[in-house]
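Step one of this worksheet: look at the structure below.
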Amino acid sequence: MVSAFQKPVIMGIINLSPDSFYQASPNFVDALKKAEAMVMQGAAMIDVGAVATNPNINLHFETPSVQQELDAVLPFIEALSKSVDVMISVDTSRAAVMDASIKAGAHMINDQRSLMEENALETAIKLNVPVCLMHHFNPARQPGSSACAELLTQIKHDLQNNIARCMAAGIAHENIIIDPGFGGGNFGKSADENFYVLAHLNTLVDLSLPILVGLSRKSFFGELLKADIEERLYASIAGAVIAAEQGAAILRVHDVKATLDAMSVLQKVQDLRNEIA
């Protein structure tokens with residue numbers, strides 16, 4: 001019997017920003033070696049970004065200009081596209097960076113602002129590549145300001161509206177990926193709210209679009225476990241397993257091999273469950 005469970009695709013994270021919250025790789029050579037190692041470990045996608053989103057970090061570092069972002073990501077994407085044969089995603093909200101990155105060899109846009117920045121939607125339509133729409137609150141939301149169930153309903157409603165907006169403008173349905181936006185700060189969710197969304201992630205499956213989940217090393221694990229970033233691997237793997245069981249199609253992670261090992265175990269168990277059934 002064919003398993004209904006589909007092992008998620010693993011997306012390795014490359015942070016080119018020196019102020020990234022975890023494992024920043026601003027050195028070009030080191031970052032390229034790291035990405036190549038991720039592919040060797042089994043990553044089917046690499047997500048490349050040069051703008052940190054952690055609000056606590058951004059208090060101390062200036063957000064890079066468009067030109068600084070281009071200077072960071074373009075040579076890296078060009079080199080990576082020649083070095084590995086996997087999908088390369090550019091993590092950006094800026095239209096100019098989207099356009100130049102795709103021309104440099106990237107295949108996908110991962111936009112934490114859901115194509116809401118100036119010219120982003122028009123650029124994505126022109127490029128005709130997959131785009132991930134991440135949920136975020138605009139205006140900003142105070143974490144914990146509503147019941148968890150209401151929050152989940154709001155996330156789904158906002159995603160539906162963004163999907164409709166993008167499709168009405170000309171984005172193809174098959175090019176859309178969704179992300180519920182795990183995290184605090186800019187993502188407006190408390191630790192308990194993040195865990196609630198994870199527990200009920202399957203409510204987004206009926207939107208009939210691939211779900212991308214980025215849980216890796218997030219602060220809500222640290223808050224629960226009183227653990228710093230370096231001590232959140234096991235929690236991140238547990239979260240990845242739960243997300244996979246809830247229908248996540250893409251897992252955005254720092255720890256590729258550990259996550260893939262967990263997915264292989266989960267796949268085996270799911271196959272045997274279906275065999276018995």
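Going through the structure tokens in order, the chains are called A, B, and so on, while each chain numbers its residues from 1 and the ligands are numbered from 1 in the order shown.
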List every residue of region 99-212 of chain A that DSSP, applied to the backbone, labels as strand (DSSP E or B), and write the result as a PyMOL selection string. chain A and resi 108-111+131-134+176-179+211-212
With a cut-off of 10 Å, could you pull out the residues of region 91-173 of chain A touching region 66-73 of chain A and give me the nearest pair of atoms for each, distance in Å to one decimal, using only C-alpha atoms, ordered by chain and ascending number, as JSON lines?
{"residue": "A:Asp91", "atom": "CA", "partner": "A:Val73", "partner_atom": "CA", "distance": 9.5}
{"residue": "A:Thr92", "atom": "CA", "partner": "A:Glu69", "partner_atom": "CA", "distance": 8.9}
{"residue": "A:Arg94", "atom": "CA", "partner": "A:Val66", "partner_atom": "CA", "distance": 7.5}
{"residue": "A:Ala95", "atom": "CA", "partner": "A:Val66", "partner_atom": "CA", "distance": 9.4}
{"residue": "A:Ala96", "atom": "CA", "partner": "A:Val66", "partner_atom": "CA", "distance": 7.5}
{"residue": "A:Val97", "atom": "CA", "partner": "A:Leu70", "partner_atom": "CA", "distance": 6.0}
{"residue": "A:Met98", "atom": "CA", "partner": "A:Leu70", "partner_atom": "CA", "distance": 9.4}
{"residue": "A:Ala100", "atom": "CA", "partner": "A:Leu70", "partner_atom": "CA", "distance": 7.8}
{"residue": "A:Ser101", "atom": "CA", "partner": "A:Val73", "partner_atom": "CA", "distance": 7.3}
{"residue": "A:Ala104", "atom": "CA", "partner": "A:Val73", "partner_atom": "CA", "distance": 9.3}
Residues from the last selection, N, CA and C atoms, saved as a PDB file, in the first residue's frame:
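Generated file (out.pdb):
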ATOM      1  N   ASP A  91      15.986  34.590  -0.111  1.00  0.00           N
ATOM      2  CA  ASP A  91      15.169  35.081   0.996  1.00  0.00           C
ATOM      3  C   ASP A  91      15.245  36.604   1.000  1.00  0.00           C
ATOM      4  N   THR A  92      14.261  37.241   0.390  1.00  0.00           N
ATOM      5  CA  THR A  92      14.265  38.699   0.271  1.00  0.00           C
ATOM      6  C   THR A  92      12.849  39.214   0.102  1.00  0.00           C
ATOM      7  N   ARG A  94      12.685  42.462  -1.341  1.00  0.00           N
ATOM      8  CA  ARG A  94      12.955  43.590  -2.227  1.00  0.00           C
ATOM      9  C   ARG A  94      12.925  43.174  -3.691  1.00  0.00           C
ATOM     10  N   ALA A  95      12.161  43.924  -4.471  1.00  0.00           N
ATOM     11  CA  ALA A  95      11.957  43.579  -5.878  1.00  0.00           C
ATOM     12  C   ALA A  95      13.268  43.517  -6.651  1.00  0.00           C
ATOM     13  N   ALA A  96      14.149  44.469  -6.431  1.00  0.00           N
ATOM     14  CA  ALA A  96      15.412  44.497  -7.175  1.00  0.00           C
ATOM     15  C   ALA A  96      16.264  43.277  -6.872  1.00  0.00           C
ATOM     16  N   VAL A  97      16.229  42.827  -5.625  1.00  0.00           N
ATOM     17  CA  VAL A  97      17.006  41.652  -5.238  1.00  0.00           C
ATOM     18  C   VAL A  97      16.376  40.389  -5.815  1.00  0.00           C
ATOM     19  N   MET A  98      15.049  40.329  -5.815  1.00  0.00           N
ATOM     20  CA  MET A  98      14.361  39.194  -6.435  1.00  0.00           C
ATOM     21  C   MET A  98      14.772  39.063  -7.899  1.00  0.00           C
ATOM     22  N   ALA A 100      17.300  40.364  -9.697  1.00  0.00           N
ATOM     23  CA  ALA A 100      18.709  40.081  -9.962  1.00  0.00           C
ATOM     24  C   ALA A 100      19.104  38.679  -9.519  1.00  0.00           C
ATOM     25  N   SER A 101      18.515  38.204  -8.434  1.00  0.00           N
ATOM     26  CA  SER A 101      18.865  36.874  -7.919  1.00  0.00           C
ATOM     27  C   SER A 101      18.398  35.768  -8.847  1.00  0.00           C
ATOM     28  N   ALA A 104      20.590  35.617 -11.664  1.00  0.00           N
ATOM     29  CA  ALA A 104      21.916  35.104 -11.292  1.00  0.00           C
ATOM     30  C   ALA A 104      21.933  33.594 -11.100  1.00  0.00           C
TER      31      ALA A 104
END
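What separates CA of Arg273 (chain A) from CA of Leu201 (chain A) is a distance of 21.4 Å.
If you measure from each of A:Ala50, A:Ile229, A:Met263, A:Leu204 to Gln246 (chain A) using only C-alpha atoms, the closest one turns out to be A:Leu204.
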message: Just list as a PyMOL selection string whatever in region 77-158 of chain A DSSP marks as helix (DSSP H, G or I).
response: chain A and resi 77-83+95-104+120-127+148-158
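Across the model, the gap from CA of Val9 (chain A) to CA of Leu159 (chain A) is 21.4 Å.
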Selection near Thr203 (chain A), 9 Å with only C-alpha atoms, sequence-local residues under 4 positions removed, as a VMD selection string: chain A and resid 152 156 207 246
Which polymer residues have any atom within 7 Å of an atom of region 177-193 of chain A, counting only C-alpha atoms, with same-chain residues fewer than 5 positions away left out, as a ChimeraX atom specification? /A:54-55,131-137,140-144,148,155,209-215,218,220,223
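Omitting Lys126 (chain A) and its sequence neighbours fewer than 4 positions away, and counting only C-alpha atoms, the residues within 12 Å are A:Ala95, A:Met98, A:Asp99, A:Ile102, A:Lys103, A:Asn119, A:Ala120, A:Leu121, A:Glu122, A:Pro130, A:Ala169, A:Gly170, A:Ile171, A:Ala172.
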Write the residues of the preceding selection, restricted to C-alpha atoms, as a PDB file, in the first residue's frame.
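Listed below is the output, out_10.pdb:
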ATOM      1  CA  ALA A  95      11.957  43.579  -5.878  1.00  0.00           C
ATOM      2  CA  MET A  98      14.361  39.194  -6.435  1.00  0.00           C
ATOM      3  CA  ASP A  99      14.923  40.142 -10.061  1.00  0.00           C
ATOM      4  CA  ILE A 102      16.688  34.898 -10.311  1.00  0.00           C
ATOM      5  CA  LYS A 103      18.788  36.150 -13.218  1.00  0.00           C
ATOM      6  CA  ASN A 119       7.106  46.377  -6.959  1.00  0.00           C
ATOM      7  CA  ALA A 120       7.561  42.936  -5.377  1.00  0.00           C
ATOM      8  CA  LEU A 121       4.304  41.490  -6.707  1.00  0.00           C
ATOM      9  CA  GLU A 122       4.876  42.840 -10.209  1.00  0.00           C
ATOM     10  CA  PRO A 130       7.776  29.707  -7.235  1.00  0.00           C
ATOM     11  CA  ALA A 169      -2.632  39.867 -10.041  1.00  0.00           C
ATOM     12  CA  GLY A 170      -1.271  36.996 -12.123  1.00  0.00           C
ATOM     13  CA  ILE A 171       0.718  34.638  -9.889  1.00  0.00           C
ATOM     14  CA  ALA A 172       0.018  31.044 -10.924  1.00  0.00           C
TER      15      ALA A 172
END
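For the choices A:Leu151, A:Ile88, A:Leu198, A:Leu272, the atom-to-atom distance to Ala238 (chain A) is smallest for A:Leu198 when using only C-alpha atoms.
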Using only C-alpha atoms, the residue out of A:His107, A:Ile14, A:Gln270, A:Ala124 with shortest distance to Asp85 (chain A) is A:His107
